[in-house]
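Raw contents of start.csv, CSV, C-alpha atoms and all ligand atoms:
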chain,number,residue,atom,x,y,z
F,1,MET,CA,94.9,102.3,114.8
F,2,LYS,CA,96.5,102.7,118.3
F,3,ASN,CA,97.3,99.0,118.3
F,4,SER,CA,98.9,99.2,114.9
F,5,ILE,CA,101.1,102.1,116.0
F,6,ARG,CA,102.1,100.2,119.1
F,7,THR,CA,103.0,97.2,116.9
F,8,PHE,CA,105.0,99.4,114.6
F,9,ILE,CA,107.0,100.8,117.5
F,10,THR,CA,107.6,97.3,118.9
F,11,ALA,CA,108.7,96.1,115.5
F,12,ALA,CA,111.0,99.0,115.0
F,13,ALA,CA,112.6,98.3,118.3
F,14,VAL,CA,113.0,94.6,117.4
F,15,SER,CA,114.4,95.2,114.0
F,16,GLY,CA,116.6,98.1,115.0
F,17,LEU,CA,114.9,100.3,112.5
F,18,VAL,CA,113.2,103.6,113.1
F,19,PHE,CA,110.3,104.4,110.9
F,20,MET,CA,107.2,106.4,110.6
F,21,THR,CA,104.3,105.5,108.5
F,22,GLY,CA,100.9,107.1,107.9
F,23,CYS,CA,98.6,108.9,105.5
F,24,LYS,CA,98.1,112.6,105.0
F,25,GLU,CA,94.9,113.5,106.8
F,26,GLU,CA,93.7,116.0,104.3
F,27,GLU,CA,93.7,113.4,101.6
F,28,MET,CA,91.5,111.0,103.6
F,29,ASN,CA,88.3,112.8,103.1
F,30,LYS,CA,87.1,111.8,99.6
F,31,GLU,CA,84.8,108.9,99.3
F,32,SER,CA,86.4,105.6,98.1
F,33,SER,CA,83.0,104.0,97.4
F,34,LYS,CA,83.3,104.5,93.6
F,35,THR,CA,86.5,102.4,93.5
F,36,ASP,CA,86.0,99.0,91.8
F,37,TYR,CA,88.4,96.9,93.9
F,38,MET,CA,87.9,93.9,91.6
F,39,VAL,CA,89.0,95.8,88.5
F,40,LEU,CA,90.9,93.6,86.1
F,41,VAL,CA,93.9,95.2,84.4
F,42,ASN,CA,96.2,92.9,82.3
F,43,LYS,CA,97.7,92.7,78.9
F,44,GLN,CA,94.2,92.2,77.4
F,45,SER,CA,92.2,94.4,79.7
F,46,LYS,CA,93.2,98.0,79.9
F,47,LEU,CA,92.6,100.4,82.8
F,48,PRO,CA,89.2,102.1,82.5
F,49,GLU,CA,89.5,105.6,81.0
F,50,ASP,CA,88.0,107.4,84.0
F,51,TRP,CA,89.9,105.4,86.6
F,52,GLU,CA,92.0,108.2,87.9
F,53,ASP,CA,88.8,110.2,88.7
F,54,ARG,CA,87.5,107.4,90.8
F,55,ILE,CA,90.4,106.5,93.0
F,56,GLU,CA,91.7,108.3,96.0
F,57,LEU,CA,95.5,108.1,96.5
F,58,VAL,CA,97.2,108.7,99.8
F,59,ASP,CA,100.9,109.0,100.7
F,60,VAL,CA,102.4,106.2,102.7
F,61,TYR,CA,105.7,106.9,104.5
F,62,THR,CA,107.9,103.9,104.9
F,63,GLY,CA,110.5,102.8,107.4
F,64,LEU,CA,113.2,103.7,104.9
F,65,ASP,CA,112.1,107.3,104.6
F,66,GLU,CA,110.5,106.9,101.3
F,67,THR,CA,107.0,108.0,100.3
F,68,TYR,CA,104.7,106.0,98.0
F,69,GLN,CA,101.2,106.7,96.7
F,70,VAL,CA,98.6,103.9,97.3
F,71,GLU,CA,94.8,103.9,97.0
F,72,LYS,CA,93.4,104.9,100.4
F,73,LYS,CA,91.9,101.6,101.6
F,74,ALA,CA,94.7,99.6,100.1
F,75,ALA,CA,97.2,101.8,102.0
F,76,GLU,CA,95.4,101.3,105.3
F,77,ALA,CA,95.3,97.5,104.7
F,78,TYR,CA,98.9,97.5,103.8
F,79,GLN,CA,99.9,99.1,107.0
F,80,LYS,CA,98.0,96.5,109.0
F,81,LEU,CA,99.6,93.7,107.0
F,82,ARG,CA,103.0,95.2,107.5
F,83,ALA,CA,102.4,95.5,111.3
F,84,ALA,CA,101.1,92.0,111.5
F,85,LEU,CA,104.2,90.7,109.7
F,86,ALA,CA,106.5,92.8,111.9
F,87,GLU,CA,105.1,91.1,114.9
F,88,ASP,CA,106.5,87.9,113.4
F,89,HIS,CA,109.8,89.7,112.8
F,90,ILE,CA,109.3,89.9,109.1
F,91,ILE,CA,109.9,93.4,107.8
F,92,ILE,CA,108.5,94.4,104.4
F,93,GLU,CA,108.7,97.9,102.8
F,94,LEU,CA,107.1,99.3,99.8
F,95,ASP,CA,109.2,99.2,96.6
F,96,SER,CA,106.7,100.2,93.9
F,97,THR,CA,103.1,101.3,94.0
F,98,TYR,CA,101.0,103.6,92.0
F,99,ARG,CA,102.5,104.4,88.6
F,100,THR,CA,101.4,106.8,85.9
F,101,VAL,CA,101.5,105.7,82.3
F,102,GLU,CA,104.4,108.1,81.8
F,103,LYS,CA,106.4,106.4,84.6
F,104,GLN,CA,105.5,103.0,83.1
F,105,GLN,CA,107.0,104.1,79.8
F,106,GLU,CA,110.2,105.1,81.6
F,107,ILE,CA,110.5,101.8,83.3
F,108,TRP,CA,109.8,100.0,80.0
F,109,ASP,CA,112.6,102.0,78.3
F,110,GLU,CA,115.0,101.3,81.1
F,111,PHE,CA,114.4,97.5,81.1
F,112,MET,CA,114.7,97.4,77.3
F,113,GLU,CA,118.1,99.1,77.5
F,114,GLU,CA,119.4,97.0,80.4
F,115,TYR,CA,117.8,93.5,79.9
F,116,GLY,CA,116.5,93.4,76.3
F,117,GLU,CA,113.2,92.8,74.7
F,118,GLU,CA,112.4,89.2,75.9
F,119,TYR,CA,113.0,90.0,79.6
F,120,THR,CA,111.1,93.3,79.4
F,121,LYS,CA,108.1,91.8,77.7
F,122,LYS,CA,108.0,89.1,80.3
F,123,TYR,CA,108.2,91.3,83.4
F,124,VAL,CA,107.2,94.8,82.4
F,125,ALA,CA,103.7,95.8,81.4
F,126,VAL,CA,103.1,97.8,78.3
F,127,PRO,CA,102.3,101.4,79.4
F,128,GLY,CA,98.5,101.6,80.0
F,129,THR,CA,98.2,97.9,80.9
F,130,SER,CA,100.0,97.8,84.2
F,131,GLU,CA,98.1,96.9,87.3
F,132,HIS,CA,100.2,99.5,89.1
F,133,HIS,CA,98.1,102.2,87.4
F,134,THR,CA,95.2,101.2,89.6
F,135,GLY,CA,96.8,102.2,92.9
F,136,LEU,CA,95.7,98.8,94.2
F,137,ALA,CA,99.0,97.0,93.4
F,138,ILE,CA,102.0,97.1,95.6
F,139,ASP,CA,105.5,95.6,95.2
F,140,VAL,CA,107.4,95.0,98.4
F,141,LYS,CA,111.0,94.5,99.3
F,142,LEU,CA,112.4,92.8,102.4
F,143,VAL,CA,114.5,94.1,105.1
F,144,LYS,CA,116.4,91.1,106.5
F,145,ASP,CA,118.9,91.5,109.3
F,146,GLY,CA,119.0,95.2,108.4
F,147,VAL,CA,119.8,94.5,104.8
F,148,ILE,CA,117.5,95.5,102.0
F,149,ILE,CA,116.6,92.8,99.6
F,150,ASP,CA,114.9,94.3,96.6
F,151,ASP,CA,116.4,92.5,93.6
F,152,ASN,CA,113.8,90.3,91.9
F,153,ASP,CA,116.1,87.2,91.8
F,154,ASP,CA,117.2,87.6,95.4
F,155,MET,CA,113.6,87.9,96.5
F,156,THR,CA,112.5,84.9,94.6
F,157,THR,CA,115.1,82.8,96.5
F,158,GLU,CA,113.6,83.9,99.8
F,159,LYS,CA,110.9,81.4,99.3
F,160,GLU,CA,110.3,80.4,103.0
F,161,LEU,CA,110.0,84.1,104.0
F,162,PHE,CA,107.6,84.9,101.2
F,163,ASP,CA,105.5,81.8,101.9
F,164,ARG,CA,105.0,83.2,105.4
F,165,ILE,CA,104.1,86.6,103.9
F,166,HIS,CA,101.7,85.2,101.4
F,167,ALA,CA,99.9,83.2,104.1
F,168,ARG,CA,98.9,86.5,105.7
F,169,LEU,CA,97.8,88.4,102.6
F,170,ALA,CA,94.2,87.4,102.4
F,171,GLU,CA,93.2,88.5,105.9
F,172,PHE,CA,94.0,92.0,105.0
F,173,GLY,CA,92.3,91.9,101.6
F,174,PHE,CA,95.4,91.2,99.4
F,175,ILE,CA,96.2,88.4,97.0
F,176,LEU,CA,99.3,87.2,95.3
F,177,ARG,CA,98.7,88.5,91.8
F,178,TYR,CA,101.2,86.5,89.8
F,179,PRO,CA,101.6,83.0,91.3
F,180,VAL,CA,103.9,80.3,90.0
F,181,GLY,CA,102.6,78.3,87.1
F,182,LYS,CA,99.9,80.8,86.0
F,183,GLU,CA,101.9,82.7,83.4
F,184,ALA,CA,99.6,81.5,80.6
F,185,ILE,CA,96.7,83.1,82.4
F,186,THR,CA,98.2,86.3,84.0
F,187,GLY,CA,100.7,86.9,81.2
F,188,TYR,CA,103.4,87.3,83.8
F,189,GLY,CA,106.1,85.1,85.4
F,190,SER,CA,105.9,84.5,89.1
F,191,GLU,CA,106.3,87.7,91.1
F,192,VAL,CA,106.5,86.8,94.9
F,193,TRP,CA,106.6,90.6,95.7
F,194,HIS,CA,103.6,91.8,93.8
F,195,PHE,CA,100.4,92.0,95.9
F,196,ARG,CA,97.0,93.2,94.8
F,197,TYR,CA,94.4,94.7,97.0
F,198,VAL,CA,90.8,93.3,96.3
F,199,ASP,CA,89.3,94.8,99.5
F,200,ASP,CA,87.1,91.9,100.7
F,201,PRO,CA,89.1,89.4,102.8
F,202,LYS,CA,86.6,86.7,102.0
F,203,ILE,CA,87.2,87.0,98.3
F,204,ALA,CA,91.0,87.3,98.9
F,205,LYS,CA,90.9,84.1,101.0
F,206,GLU,CA,88.9,82.2,98.4
F,207,ILE,CA,91.4,83.2,95.7
F,208,MET,CA,94.5,82.4,97.9
F,209,ASP,CA,93.1,79.1,99.3
F,210,GLN,CA,92.1,77.8,95.9
F,211,GLY,CA,95.3,79.0,94.3
F,212,LEU,CA,93.4,81.1,91.7
F,213,THR,CA,94.4,84.1,89.7
F,214,LEU,CA,92.2,87.2,89.6
F,215,GLU,CA,91.3,86.3,86.0
F,216,GLU,CA,90.1,82.8,87.1
F,217,TYR,CA,88.1,84.1,90.0
F,218,LEU,CA,86.3,86.7,87.9
F,219,GLN,CA,85.5,84.2,85.2
F,220,LYS,CA,84.2,81.8,87.8
F,221,ASN,CA,81.9,84.4,89.3
F,222,SER,CA,80.8,86.2,86.2
F,301,ZN,ZN,104.3,95.0,90.6

Entire entry expressed as structure tokens:
Amino acid sequence: MKNSIRTFITAAAVSGLVFMTGCKEEEMNKESSKTDYMVLVNKQSKLPEDWEDRIELVDVYTGLDETYQVEKKAAEAYQKLRAALAEDHIIIELDSTYRTVEKQQEIWDEFMEEYGEEYTKKYVAVPGTSEHHTGLAIDVKLVKDGVIIDDNDDMTTEKELFDRIHARLAEFGFILRYPVGKEAITGYGSEVWHFRYVDDPKIAKEIMDQGLTLEEYLQKNS
């Protein structure tokens, strides 16, 4: 952890940003062993009923003074990923993480109002079917030259930067959950910002190296 903290400070100095990040210690005690890190949640496969009893969420404080809830091991892995990227002068911050069903309903309603049904159905999960309910999914935004890039279209145009980010995901146990050209399988258009924690870096590497989706990996290994 010391190394990570040193990296963070270096990165903060490099980027001109000041930030703190960490987890609440009192929330770190529960066992995470009951968490199924390979859980599949998509439009066909709903979140298990007892999921919330089995996960441990912690607060992650970002460099932009925001707090997000993430599953404990995923939060630790995210902080390592963030630090590793910061060493390469790539600054990511959390933009969306754990979401309750109620919150998902709010997002759904907002998108319907602003963008209409077609766009909403393409990009927003029906409440109860969002991977964000698991605590294992994170959406990131970029901080580039001190400017926050969090608009979906703007992020999609940052292809080179996201390619470099995606190349580092697996070593920390993350996968790109909605890759280009897999919409028929995942049910979602490409989302360069949405990462899913699967815990085991070996599994993550296999998925990323072979350009698989979680659906394809699980089917292959069932
Ligand atoms: Zn997402």

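The residues that lie within 9 Å of the point (97.5, 97.8, 87.5), counting all atoms listed in the file, are Val39, Leu40, Val41, Asn42, Lys46, Leu47, Tyr98, Arg99, Ala125, Gly128, Thr129, Ser130, Glu131, His132, His133, Thr134, Gly135, Leu136, Ala137 and Arg196 of chain F.
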
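Distances here use all atoms listed in the file; by that measure, the residue among F:Tyr188, F:Glu49, F:Gln104, F:Ile149 closest to Leu161 (chain F) is F:Ile149.
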
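Distances to Leu94 (chain F) were evaluated for F:Arg177, F:Lys122, F:His194, F:Lys202 using only C-alpha atoms, and the minimum falls at F:His194.
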
Item checked: CA of Thr213 (chain F) to CA of Lys182 (chain F), straight-line distance in Å -> 7.4 Å

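Here CA of Asp95 (chain F) and CA of Lys141 (chain F) stand 5.7 Å from one another.
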
Give as a compact mmCIF listing (two decimals) with C-alpha atoms, in the frame of the given file every residue, naming chains and numbers as the document does, that has an atom within 7 Å of (102.3, 84.4, 90.2), counting all atoms listed in the file.
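Wrote it out as result37.txt, contents follow:
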# COMPACT_ATOMS: atom_id res chain seq x y z
CA LEU F 176 99.30 87.20 95.30
CA ARG F 177 98.70 88.50 91.80
CA TYR F 178 101.20 86.50 89.80
CA PRO F 179 101.60 83.00 91.30
CA VAL F 180 103.90 80.30 90.00
CA GLY F 181 102.60 78.30 87.10
CA LYS F 182 99.90 80.80 86.00
CA GLY F 189 106.10 85.10 85.40
CA SER F 190 105.90 84.50 89.10
CA GLU F 191 106.30 87.70 91.10
CA VAL F 192 106.50 86.80 94.90

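One distance worth recording is that between CA of Lys73 (chain F) and CA of Asp151 (chain F), which is 27.3 Å.
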
Repair of region 48-82 of chain F at the level of N, CA and C atoms, as a PDB file, in the frame of the given file:
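Printed below is result-v9.pdb as written:
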ATOM      1  N   PRO F  48      90.316 101.250  82.953  1.00  0.00           N
ATOM      2  CA  PRO F  48      89.200 102.100  82.500  1.00  0.00           C
ATOM      3  C   PRO F  48      89.619 103.550  82.366  1.00  0.00           C
ATOM      4  N   GLU F  49      89.089 104.206  81.344  1.00  0.00           N
ATOM      5  CA  GLU F  49      89.500 105.600  81.000  1.00  0.00           C
ATOM      6  C   GLU F  49      89.370 106.559  82.179  1.00  0.00           C
ATOM      7  N   ASP F  50      88.249 106.417  82.921  1.00  0.00           N
ATOM      8  CA  ASP F  50      88.000 107.400  84.000  1.00  0.00           C
ATOM      9  C   ASP F  50      88.531 106.947  85.338  1.00  0.00           C
ATOM     10  N   TRP F  51      89.400 105.963  85.323  1.00  0.00           N
ATOM     11  CA  TRP F  51      89.900 105.400  86.600  1.00  0.00           C
ATOM     12  C   TRP F  51      90.440 106.407  87.541  1.00  0.00           C
ATOM     13  N   GLU F  52      91.265 107.282  87.016  1.00  0.00           N
ATOM     14  CA  GLU F  52      92.000 108.200  87.900  1.00  0.00           C
ATOM     15  C   GLU F  52      90.984 109.181  88.619  1.00  0.00           C
ATOM     16  N   ASP F  53      89.798 109.387  88.035  1.00  0.00           N
ATOM     17  CA  ASP F  53      88.800 110.200  88.700  1.00  0.00           C
ATOM     18  C   ASP F  53      88.113 109.490  89.843  1.00  0.00           C
ATOM     19  N   ARG F  54      88.223 108.177  89.821  1.00  0.00           N
ATOM     20  CA  ARG F  54      87.500 107.400  90.800  1.00  0.00           C
ATOM     21  C   ARG F  54      88.295 106.887  91.959  1.00  0.00           C
ATOM     22  N   ILE F  55      89.614 107.029  91.884  1.00  0.00           N
ATOM     23  CA  ILE F  55      90.400 106.500  93.000  1.00  0.00           C
ATOM     24  C   ILE F  55      90.941 107.696  93.857  1.00  0.00           C
ATOM     25  N   GLU F  56      91.143 107.358  95.116  1.00  0.00           N
ATOM     26  CA  GLU F  56      91.700 108.300  96.000  1.00  0.00           C
ATOM     27  C   GLU F  56      93.082 107.777  96.465  1.00  0.00           C
ATOM     28  N   LEU F  57      94.114 108.508  96.146  1.00  0.00           N
ATOM     29  CA  LEU F  57      95.500 108.100  96.500  1.00  0.00           C
ATOM     30  C   LEU F  57      95.911 108.803  97.771  1.00  0.00           C
ATOM     31  N   VAL F  58      96.652 108.107  98.605  1.00  0.00           N
ATOM     32  CA  VAL F  58      97.200 108.700  99.800  1.00  0.00           C
ATOM     33  C   VAL F  58      98.734 108.424  99.802  1.00  0.00           C
ATOM     34  N   ASP F  59      99.470 109.243 100.547  1.00  0.00           N
ATOM     35  CA  ASP F  59     100.900 109.000 100.700  1.00  0.00           C
ATOM     36  C   ASP F  59     101.151 108.023 101.829  1.00  0.00           C
ATOM     37  N   VAL F  60     102.007 107.066 101.604  1.00  0.00           N
ATOM     38  CA  VAL F  60     102.400 106.200 102.700  1.00  0.00           C
ATOM     39  C   VAL F  60     103.927 106.378 102.883  1.00  0.00           C
ATOM     40  N   TYR F  61     104.264 106.695 104.119  1.00  0.00           N
ATOM     41  CA  TYR F  61     105.700 106.900 104.500  1.00  0.00           C
ATOM     42  C   TYR F  61     106.259 105.625 104.997  1.00  0.00           C
ATOM     43  N   THR F  62     107.371 105.202 104.471  1.00  0.00           N
ATOM     44  CA  THR F  62     107.900 103.900 104.900  1.00  0.00           C
ATOM     45  C   THR F  62     109.001 104.034 105.916  1.00  0.00           C
ATOM     46  N   GLY F  63     109.415 102.891 106.419  1.00  0.00           N
ATOM     47  CA  GLY F  63     110.500 102.800 107.400  1.00  0.00           C
ATOM     48  C   GLY F  63     111.836 103.212 106.831  1.00  0.00           C
ATOM     49  N   LEU F  64     111.912 103.316 105.530  1.00  0.00           N
ATOM     50  CA  LEU F  64     113.200 103.700 104.900  1.00  0.00           C
ATOM     51  C   LEU F  64     113.151 105.088 104.366  1.00  0.00           C
ATOM     52  N   ASP F  65     112.213 105.881 104.981  1.00  0.00           N
ATOM     53  CA  ASP F  65     112.100 107.300 104.600  1.00  0.00           C
ATOM     54  C   ASP F  65     111.752 107.559 103.196  1.00  0.00           C
ATOM     55  N   GLU F  66     110.946 106.682 102.666  1.00  0.00           N
ATOM     56  CA  GLU F  66     110.500 106.900 101.300  1.00  0.00           C
ATOM     57  C   GLU F  66     108.968 107.124 101.357  1.00  0.00           C
ATOM     58  N   THR F  67     108.427 107.745 100.332  1.00  0.00           N
ATOM     59  CA  THR F  67     107.000 108.000 100.300  1.00  0.00           C
ATOM     60  C   THR F  67     106.434 107.352  98.997  1.00  0.00           C
ATOM     61  N   TYR F  68     105.331 106.633  99.170  1.00  0.00           N
ATOM     62  CA  TYR F  68     104.700 106.000  98.000  1.00  0.00           C
ATOM     63  C   TYR F  68     103.220 106.310  98.004  1.00  0.00           C
ATOM     64  N   GLN F  69     102.646 106.423  96.807  1.00  0.00           N
ATOM     65  CA  GLN F  69     101.200 106.700  96.700  1.00  0.00           C
ATOM     66  C   GLN F  69     100.486 105.340  96.495  1.00  0.00           C
ATOM     67  N   VAL F  70      99.446 105.160  97.309  1.00  0.00           N
ATOM     68  CA  VAL F  70      98.600 103.900  97.300  1.00  0.00           C
ATOM     69  C   VAL F  70      97.180 104.359  97.422  1.00  0.00           C
ATOM     70  N   GLU F  71      96.265 103.620  96.836  1.00  0.00           N
ATOM     71  CA  GLU F  71      94.800 103.900  97.000  1.00  0.00           C
ATOM     72  C   GLU F  71      94.520 103.821  98.520  1.00  0.00           C
ATOM     73  N   LYS F  72      93.608 104.671  98.958  1.00  0.00           N
ATOM     74  CA  LYS F  72      93.400 104.900 100.400  1.00  0.00           C
ATOM     75  C   LYS F  72      93.146 103.611 101.211  1.00  0.00           C
ATOM     76  N   LYS F  73      92.159 102.810 100.800  1.00  0.00           N
ATOM     77  CA  LYS F  73      91.900 101.600 101.600  1.00  0.00           C
ATOM     78  C   LYS F  73      92.973 100.576 101.488  1.00  0.00           C
ATOM     79  N   ALA F  74      93.585 100.498 100.322  1.00  0.00           N
ATOM     80  CA  ALA F  74      94.700  99.600 100.100  1.00  0.00           C
ATOM     81  C   ALA F  74      95.883  99.993 101.028  1.00  0.00           C
ATOM     82  N   ALA F  75      96.068 101.297 101.167  1.00  0.00           N
ATOM     83  CA  ALA F  75      97.200 101.800 102.000  1.00  0.00           C
ATOM     84  C   ALA F  75      96.934 101.438 103.478  1.00  0.00           C
ATOM     85  N   GLU F  76      95.688 101.605 103.921  1.00  0.00           N
ATOM     86  CA  GLU F  76      95.400 101.300 105.300  1.00  0.00           C
ATOM     87  C   GLU F  76      95.574  99.754 105.541  1.00  0.00           C
ATOM     88  N   ALA F  77      95.128  98.956 104.586  1.00  0.00           N
ATOM     89  CA  ALA F  77      95.300  97.500 104.700  1.00  0.00           C
ATOM     90  C   ALA F  77      96.739  97.094 104.675  1.00  0.00           C
ATOM     91  N   TYR F  78      97.501  97.764 103.834  1.00  0.00           N
ATOM     92  CA  TYR F  78      98.900  97.500 103.800  1.00  0.00           C
ATOM     93  C   TYR F  78      99.620  97.715 105.104  1.00  0.00           C
ATOM     94  N   GLN F  79      99.265  98.824 105.737  1.00  0.00           N
ATOM     95  CA  GLN F  79      99.900  99.100 107.000  1.00  0.00           C
ATOM     96  C   GLN F  79      99.566  98.104 108.072  1.00  0.00           C
ATOM     97  N   LYS F  80      98.357  97.583 108.020  1.00  0.00           N
ATOM     98  CA  LYS F  80      98.000  96.500 109.000  1.00  0.00           C
ATOM     99  C   LYS F  80      98.735  95.224 108.652  1.00  0.00           C
ATOM    100  N   LEU F  81      98.843  94.906 107.383  1.00  0.00           N
ATOM    101  CA  LEU F  81      99.600  93.700 107.000  1.00  0.00           C
ATOM    102  C   LEU F  81     101.057  93.857 107.428  1.00  0.00           C
ATOM    103  N   ARG F  82     101.633  95.016 107.182  1.00  0.00           N
ATOM    104  CA  ARG F  82     103.000  95.200 107.500  1.00  0.00           C
ATOM    105  C   ARG F  82     103.250  95.077 109.051  1.00  0.00           C
TER     106      ARG F  82
END
